[in-house]
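These notes concern the structure reproduced below.
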Amino acid sequence: MTYSQKLQELEKRKRKAEEGGGPERLAKQHAAGKRSARERLELLLDPGSFIELDPFVTHRCTDFGMESQKILGDGVVTGYGTIAGRTIFLFSQDFTVFGGSLSGAHAAKICKVMDMALKVGAPIIGLNDSGGARIQEGVESLGGYAEIFWRNVQCSGVIPQISVILGPCAGGAVYSPAITDYIFMVEDSSYMFVTGPDVIKTVTHEDVSKEALGGASTHAEKSGVCHFVHPSEQACLEAVRKLVELLPSNNLDQTPLLTGSTLDPADRDCKAIAQLLPDSPNKPYDIRLLMADVFDDGNIMEVQSHYAQNIVVGFTRLAGQTVGVVGNQPAHLAGCLDIAASLKAARFVRFCDSFNIPLVTFVDVPGFLPGTAQEYGGIIKHGAKLLYAYAEATVPKLAVITRKAYGGAYDVMSSKHIRSDFNFAYPTAEIAVMGPEGAINILYRQEIQQAEKSGRVHEERNRLAQLYRDKFANPYKAAELGYIDGVILPEDTRRVLIQSLKVLSGKRERGPSRKHGNIPL
Ligand code: HXC
């Protein structure tokens, strides 16, 4: 072979690798409203930044006539590129090749980029679109999945891991995304389930559609498996870029910091909060509006916004620095903590702690949600997870009590006692063992019984509740004890938080030496 013939051979192989499963299958993919593996990478990465690895790898299985249709790349495009100039490792499954199913070689390609990402400390992003284990490869495929799962665990807390579901993701295949930090899904085209509708019908006689069982809205609203849901692949991949820009590349990296003259001024007043906080302690308000008034340009990338809406968690910036925000949401279930909210916030707090992202917590919580459903469901162990996560976190922790901080929930929500660094309260804060309604039933039982007899129970209850509020439900007892560091005006919130964060920039804290703690799973 001459040199030019060798070059032609290389070009021929490259073209073959780029072809994937061929034009017919690609047309089918487009007709289903889906993009190809490579088109997705182009959308996700900075233009021209993608460097492909292993394009000539092919499948090993020679049974079932597969030898004759050797397809280069084996159903997954892998490599690295940049997002906003930062290095990212990726894999993108190609549904046009054996339905994107996972073979031994396909898995080995994914493992190689995961190993590289871990070695250099860069995030790993997986674009999933696959029929699951390559049936013809049997146990080799199962072994391939387990190799990926093992690496997911090794990468956990070291580099951010993001899964984007852009088609089917079924069976055991769901467990890799489940271990990763964030799952993105697209409405009407992505779905995840351990067992599909047909198996369910056979085993339990239950009729359920693919969409209802494991579609994006199911996992965004009901199961909480999905963190971000978007109407199209394009919107979804744009959101992945946005998330990456907010996160550090690894656990030793500095928290991302935007600088420049266009930043939202650090010393501006928070003008909306005072109007937002209702006079009545039982009136709801939207904690997201309060957060928007505090953080840079009002921007918050909310995580799991459709799930456990009684707590709001998300990434935002304060004077250019990424922070994680957690806030009880009085507009939903009065901001009570329940099982779902505890799990949602605990995982978020642990992510932030793993990646040196400071935590800002807004507290307005009347307590844990009462009832048999919660007790039978294990609110004791699930609520303990949130407590554990806050107590374990060593990143800078700031908290602002806007209104209610009652009972055990006061302790859990980043209280000073579990080593929050700076805790503040508005003059409207009510810090007490329980709310006035419950407390007066216990403290003033005789007075209420007397009032019942004389027919003025309503007036008496109001009087006693007010008495209780004045005496117990205010921020000053906590302030006297040093449990909060200051009573601040709502308009000063941004200034106070930025100042506190600055002071904490040198915070270094280590827990006791141990293999790992035993979080109540
Ligand atoms: C080999 C597969 C495949 C698989 C699909 N294909 N899944 N090849 N192994 N698992 C091939 C098809 O033969 C077809 O090839 C092409 O991919 C496209 O598939 P279609 O069925 O035509 O596409 P569609 O109608 O869109 O249906 C997609 C699908 C369906 C819902 C994913 O293909 C399907 O149900 N596949 C099997 C899913 C499954 O049971 N997987 C195993 C799960 S268990 P041609 O040549 O015709 O284009 C599992 C265990 C993991 O994954 C365990 C980890 C611990």
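Letters A, B, ... go to the chains of the structure tokens in the order shown; residues in each chain start at 1; ligands are counted from 1 in the same order.
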
Original post:
segment 35-214 of chain A: which residues are strand (DSSP E) by DSSP, as a ChimeraX atom specification?
Top reply: /A:51-53,76-83,86-93,124-128,161-165,168-170,182-186,191-193

Subject >> Contacts with ligand 1 at most 7 Å, only C-alpha atoms and all ligand atoms counted, listed as an NGL selection string >> reply: :A and (25 or 95-101 or 130-136 or 142 or 145-146 or 168 or 170-173)

Subject >> Residue nearest Ile200 of chain A - candidates A:Leu213, A:Glu19, A:Asn328, A:Ala334, atoms counted: only C-alpha atoms >> reply: A:Leu213

Original post:
Which polymer residues have any atom within 12 Å of an atom of Val120 of chain A, counting only C-alpha atoms, with same-chain residues fewer than 4 positions away left out, as a ChimeraX atom specification?
Top reply: /A:80,86-89,113-116,124,155,158-159,249-253

Subject >> Picked from segment 41-165 of chain A by DSSP as alpha helix (DSSP H), as a PyMOL selection string >> reply: chain A and resi 41-44+104-120+139-155

**OP:** Can you pull out every residue within 10 Å of segment 29-41 of chain A, counting only C-alpha atoms, but drop anything in the same chain fewer than 4 positions away, and send it as an NGL selection string?
**Re:** :A and (18 or 20 or 23-25 or 45-47 or 49-50 or 75-81 or 90-96 or 100 or 127-129 or 166-167 or 188-190 or 232-234 or 237)

Would you list the contacts of Met291 of chain A as a CSV table (one decimal) with N, CA and C atoms, in the first residue's frame, taking every protein, DNA or RNA residue within 9 Å and counting only C-alpha atoms, but skipping same-chain residues closer than 6 positions in sequence?
chain,number,residue,atom,x,y,z
A,273,ILE,N,-38.1,41.8,49.9
A,273,ILE,CA,-38.4,40.9,50.9
A,273,ILE,C,-39.3,41.4,52.0
A,298,GLY,N,-30.9,37.6,40.4
A,298,GLY,CA,-32.2,36.8,40.6
A,298,GLY,C,-32.2,35.5,40.0
A,299,ASN,N,-31.0,35.0,39.6
A,299,ASN,CA,-30.9,33.7,38.9
A,299,ASN,C,-30.7,32.6,39.8
A,300,ILE,N,-31.5,31.6,39.7
A,300,ILE,CA,-31.4,30.3,40.5
A,300,ILE,C,-31.6,29.2,39.6
A,325,VAL,N,-28.3,26.8,47.5
A,325,VAL,CA,-29.3,27.4,48.3
A,325,VAL,C,-30.4,26.4,48.7
A,327,GLY,N,-34.2,26.2,50.8
A,327,GLY,CA,-35.1,27.0,51.6
A,327,GLY,C,-36.5,26.2,51.7
A,362,PHE,N,-32.4,29.2,53.9
A,362,PHE,CA,-33.5,30.0,54.4
A,362,PHE,C,-34.5,29.2,55.1

**OP:** Would you mind listing what lies within 10 Å of His458 of chain A as an MDAnalysis selection string, with only C-alpha atoms counted and same-chain residues fewer than 6 positions away left out?
**Re:** chainID A and resid 448 451:452

Just the selected residues (N, CA and C atoms), exported as a PDB file, in the first residue's frame, please.
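That gives us out_30.pdb:
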ATOM      1  N   ILE A 448     -58.407  27.597  78.663  1.00  0.00           N
ATOM      2  CA  ILE A 448     -59.234  27.325  77.476  1.00  0.00           C
ATOM      3  C   ILE A 448     -60.540  26.634  77.893  1.00  0.00           C
ATOM      4  N   ALA A 451     -62.860  29.175  79.244  1.00  0.00           N
ATOM      5  CA  ALA A 451     -63.406  30.015  78.169  1.00  0.00           C
ATOM      6  C   ALA A 451     -64.491  29.280  77.393  1.00  0.00           C
ATOM      7  N   GLU A 452     -64.322  27.959  77.246  1.00  0.00           N
ATOM      8  CA  GLU A 452     -65.328  27.155  76.539  1.00  0.00           C
ATOM      9  C   GLU A 452     -66.663  27.243  77.277  1.00  0.00           C
TER      10      GLU A 452
END

**OP:** With a distance cut-off of 6 Å and only C-alpha atoms, select the neighbouring residues of Val186 of chain A, excluding the residue or stretch itself and same-chain residues fewer than 5 positions from it, and output the selection as a list in words.
**Re:**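 Using only C-alpha atoms, the neighbours found are Val229, His230, Pro231 and Ser232 of chain A.
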
Original post:
From the list A:Pro490, A:Pro197, A:Pro520, A:Gly126, which residue is nearest Phe184 of chain A when using only C-alpha atoms?
Top reply: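 So, comparing all the options, the nearest one is A:Gly126.
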
Which residues of segment 480-503 of chain A sit at most 7 Å from segment 419-442 of chain A, using only C-alpha atoms? Give each one's shortest atom pair and distance in Å (one decimal place), in chain and ascending residue order, as a tab-separated table.
residue	atom	partner	partner_atom	distance
A:Ile484	CA	A:Asn423	CA	4.9
A:Asp485	CA	A:Asn423	CA	5.4
A:Gly486	CA	A:Phe424	CA	5.1
A:Val487	CA	A:Ala425	CA	4.8
A:Ile488	CA	A:Tyr426	CA	5.3
A:Leu489	CA	A:Tyr426	CA	5.9
A:Pro490	CA	A:Tyr426	CA	6.3

Please produce a file of the residues just selected, as a compact mmCIF listing (two decimals), in the first residue's frame, where the atoms kept are all heavy atoms.
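See result.txt below for the written result:
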# COMPACT_ATOMS: atom_id res chain seq x y z
N ILE A 484 -28.26 32.43 67.40
CA ILE A 484 -28.18 33.15 66.13
C ILE A 484 -27.18 34.29 66.35
O ILE A 484 -27.01 34.77 67.47
CB ILE A 484 -29.53 33.67 65.62
CG1 ILE A 484 -30.22 34.52 66.67
CG2 ILE A 484 -30.42 32.56 65.14
CD1 ILE A 484 -31.43 35.22 66.13
N ASP A 485 -26.50 34.65 65.27
CA ASP A 485 -25.42 35.62 65.41
C ASP A 485 -25.90 37.06 65.31
O ASP A 485 -25.17 37.98 65.68
CB ASP A 485 -24.35 35.35 64.34
CG ASP A 485 -23.76 33.97 64.51
OD1 ASP A 485 -22.98 33.77 65.44
OD2 ASP A 485 -24.13 33.08 63.73
N GLY A 486 -27.09 37.24 64.78
CA GLY A 486 -27.59 38.60 64.67
C GLY A 486 -29.01 38.63 64.15
O GLY A 486 -29.43 37.73 63.40
N VAL A 487 -29.76 39.65 64.57
CA VAL A 487 -31.10 39.89 64.01
C VAL A 487 -30.90 40.96 62.95
O VAL A 487 -30.42 42.06 63.25
CB VAL A 487 -32.09 40.35 65.10
CG1 VAL A 487 -33.46 40.62 64.48
CG2 VAL A 487 -32.20 39.28 66.19
N ILE A 488 -31.20 40.60 61.69
CA ILE A 488 -30.88 41.52 60.59
C ILE A 488 -32.16 42.00 59.89
O ILE A 488 -33.20 41.32 59.96
CB ILE A 488 -29.94 40.86 59.55
CG1 ILE A 488 -30.62 39.65 58.88
CG2 ILE A 488 -28.61 40.47 60.19
CD1 ILE A 488 -29.92 39.16 57.64
N LEU A 489 -32.06 43.13 59.22
CA LEU A 489 -33.19 43.62 58.44
C LEU A 489 -33.20 42.89 57.10
O LEU A 489 -32.13 42.63 56.53
CB LEU A 489 -33.06 45.12 58.20
CG LEU A 489 -33.12 45.98 59.47
CD1 LEU A 489 -32.93 47.46 59.11
CD2 LEU A 489 -34.45 45.77 60.19
N PRO A 490 -34.40 42.59 56.59
CA PRO A 490 -34.46 41.87 55.32
C PRO A 490 -33.67 42.56 54.20
O PRO A 490 -33.01 41.89 53.41
CB PRO A 490 -35.96 41.85 55.01
CG PRO A 490 -36.63 41.92 56.33
CD PRO A 490 -35.74 42.74 57.20

**OP:** Can you work out which one of A:Leu443, A:Leu257, A:Ser156, A:Pro278 has the shortest atom-to-atom distance to Phe351 of chain A, counting only C-alpha atoms?
**Re:**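 Among A:Leu443, A:Leu257, A:Ser156, A:Pro278, it is A:Ser156 that comes nearest to Phe351 of chain A.
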
**OP:** Could you jot down the atom CA of Val360 of chain A to atom CA of Ile179 of chain A separation for me, Å, one decimal place?
**Re:**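 These atoms are spaced 25.1 Å apart.
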